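*Asks:* The structure follows.
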Amino acid sequence: MAQRHLDPTDPTAAAGPPPVPAGGDALADYLRAQATEFLRALRLHRESGAGAHGNGAHPSGAHPSGAGALDRGRGRGPAPAPDGPVDAARALRRAARRLSGTLHTFQPLLDAEWAEAMRPELAWLSGTLALEHAYASRLDRLLQALHRLSGSAAFPAQQQAGRAAPARAAATADPAPVTPLAPSVTRPSPADRGNLTVGAAKAGALLDRQLTLARTRAHSTALQALGSSRFHAVADKVALLASEVPLKDTAAAAADLRPLAAAARDRLTDAVAALPLVTAGNPYNAQALVHGLSPDPAPHPQDAQWHQVRLLLRLHRYALEVLAGTDAEDADGADGTTDVRLLAAGEALDRHRDASEAAAAAAQAARTPRIAPATAYALGVLHADQRHEVEAARYAFQHSWRKEPIRL
């Protein structure tokens, strides 16, 4: 299909044709559906005790032990079997994010005091549950990059499994064979680490210690959050939301949602227009690396704008879900109302966030006192590699955003 380049400041280029009209009743239905998903995930967590559905995963996404393995590849690895258990933490995070984002976009139609009190609590919950997975994913991303930069054959076991999986699937009648994908969150074995240089191996060990400690603390924080009175208060409010949505007044039930959804789209369009897309239009952006040797441990000054665009894009997608009546399970899929360009842009911004946070972790590790020069050098190379990944993600976003919206 031919692609037409559009001005990213054009509001029509941000979302394509408007979705089907929807009123306040559609908003209430969507909020009730998300509240029901939240309560279902919470019930599954409580029924499974220390794990989600008895699969050994804690509802925060972790193994019952503090340093246990997280649900590897969540959102990136193979999808679970259709009739398999749903990860409780992931479902809680999805529902909490969508509830919080929808309350933010359509707050004028809701009880103002209730929405203002509810939205930050949902954001706190989703952010707390996401921390442990973020640390684990960051560590494995950096370890993979170390192997790639060292020229070693990382993850040979998974490469062999990838060649043998089709034969296994054909020989067995498994209704849901696991397709090996990119090992985004799988640690190399000790034998693989032996292929690294001394500096890279020590850098990997240092990152492992620091990020595993942070991950363990995030696990403890999630445990405390899920057992706190604050969480129970949020769950009680969500339970009430599942039965009754506090609309502002009776007129809100018949209100048109499209102006508020268009406002969310316009905020996204304005934020994209403010991005340095001309610079990001080049595969290599040397200007973005000028702060690489700065002693300031603060995040890179260019990253904040891109992170904000990622959040606004998510709010825009949630608003489209409300208008289209899309539930949480179909929101990330390719249903009849999904704009493929928005999905590609969201994936690019997710990669941007992951790479920028990984680069910051490598820089933080390099500031560790009394490390060997070879270790510091390996961490510096790793930092530069992740910053180049950041630029590649920005280029991919710019490339996808300027294309004509495609609807399946």
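Lettering and numbering for the structure tokens are positional, with chains as A, B, ... in the shown order, residues counted from 1 in each chain, and ligands counted from 1 in the shown order.
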Applying 8 Å and only C-alpha atoms, which residues near Leu122 (chain A) remain after dropping the ones on its own chain fewer than 4 positions away? List them as a short mmCIF file (atom, residue, chain, number, x, y, z; two decimals) with N, CA, C and O atoms, in the first residue's frame.

*Replies:*
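The result, written out as selection-v4.cif:
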data_model
loop_
_atom_site.label_atom_id
_atom_site.label_comp_id
_atom_site.auth_asym_id
_atom_site.auth_seq_id
_atom_site.Cartn_x
_atom_site.Cartn_y
_atom_site.Cartn_z
N ALA A 96 -5.55 -0.82 35.49
CA ALA A 96 -5.28 0.41 36.23
C ALA A 96 -4.82 1.53 35.30
O ALA A 96 -5.23 2.70 35.45
N ARG A 97 -3.96 1.21 34.32
CA ARG A 97 -3.51 2.22 33.36
C ARG A 97 -4.68 2.78 32.56
O ARG A 97 -4.80 3.99 32.36
N LEU A 99 -7.92 2.73 33.28
CA LEU A 99 -8.83 3.51 34.13
C LEU A 99 -8.26 4.90 34.39
O LEU A 99 -8.96 5.91 34.27
N SER A 100 -6.99 4.96 34.77
CA SER A 100 -6.37 6.24 35.08
C SER A 100 -6.35 7.15 33.85
O SER A 100 -6.68 8.34 33.93
N MET A 118 -9.18 9.54 42.46
CA MET A 118 -9.01 8.17 41.98
C MET A 118 -7.82 8.03 41.02
O MET A 118 -7.07 7.05 41.08
N SER A 126 -0.31 1.07 39.21
CA SER A 126 0.28 0.52 37.99
C SER A 126 1.78 0.74 37.95
O SER A 126 2.54 -0.13 37.52
N VAL A 234 -8.23 1.53 47.10
CA VAL A 234 -8.37 1.61 45.65
C VAL A 234 -9.26 0.48 45.13
O VAL A 234 -10.15 0.71 44.29
#

*Asks:* Show which residues sit within 10 Å of Arg217 (chain A), as a list in words. Count only C-alpha atoms, and ignore same-chain residues fewer than 3 positions away.

*Replies:*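 Neighbouring residues, sequence-local ones excluded: Gly66, Ala67, Leu131, Glu132, Leu211, Thr212, Leu213, Ala214, Ser220, Thr221, Ala222 and Leu223 of chain A.
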
*Asks:* Counting only C-alpha atoms, figure out which residue out of A:Arg46, A:Arg98, A:Arg90, A:Arg341 gets nearest to Leu311 (chain A).

*Replies:*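 Among the listed residues, the smallest separation from Leu311 (chain A) belongs to A:Arg98.
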
*Asks:* Which one is closest to Leu257 (chain A): A:Leu206, A:Leu275, A:Ala26, A:Leu31? Count only C-alpha atoms.

*Replies:*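 Nearest to Leu257 (chain A): A:Ala26.
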
*Asks:* Between A:Leu129, A:Ala271, A:Leu277, A:Ala345, which residue has the minimum interatomic distance to Phe397 (chain A), considering only C-alpha atoms?

*Replies:* A:Ala345

*Asks:* Suppose you want the space between CA of Tyr135 (chain A) and CA of Ser356 (chain A); what is it in Å?

*Replies:*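 Separation between CA of Tyr135 (chain A) and CA of Ser356 (chain A): 13.0 Å.
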
*Asks:* To one decimal in Å, tell me the separation between CA of Leu149 (chain A) and CA of His133 (chain A).

*Replies:*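 Those two atoms sit 24.2 Å apart.
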
*Asks:* So what do you get for CA of Leu92 (chain A) versus CA of Gly325 (chain A), distance-wise?

*Replies:*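 About the pair CA of Leu92 (chain A) and CA of Gly325 (chain A): they are 19.7 Å apart.
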
*Asks:* Using only C-alpha atoms, which residue out of A:Leu320, A:His352, A:Leu196, A:Arg138 lies closest to Ala263 (chain A)?

*Replies:*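 Among the listed residues, the smallest separation from Ala263 (chain A) belongs to A:Leu320.
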
*Asks:* For a quick check of understanding, using only C-alpha atoms, which of A:Glu357, A:Glu321, A:Asp29, A:Asp140 has the smallest distance to Leu247 (chain A)?

*Replies:*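 Answer, going by the shortest atom-to-atom distance: A:Asp29.
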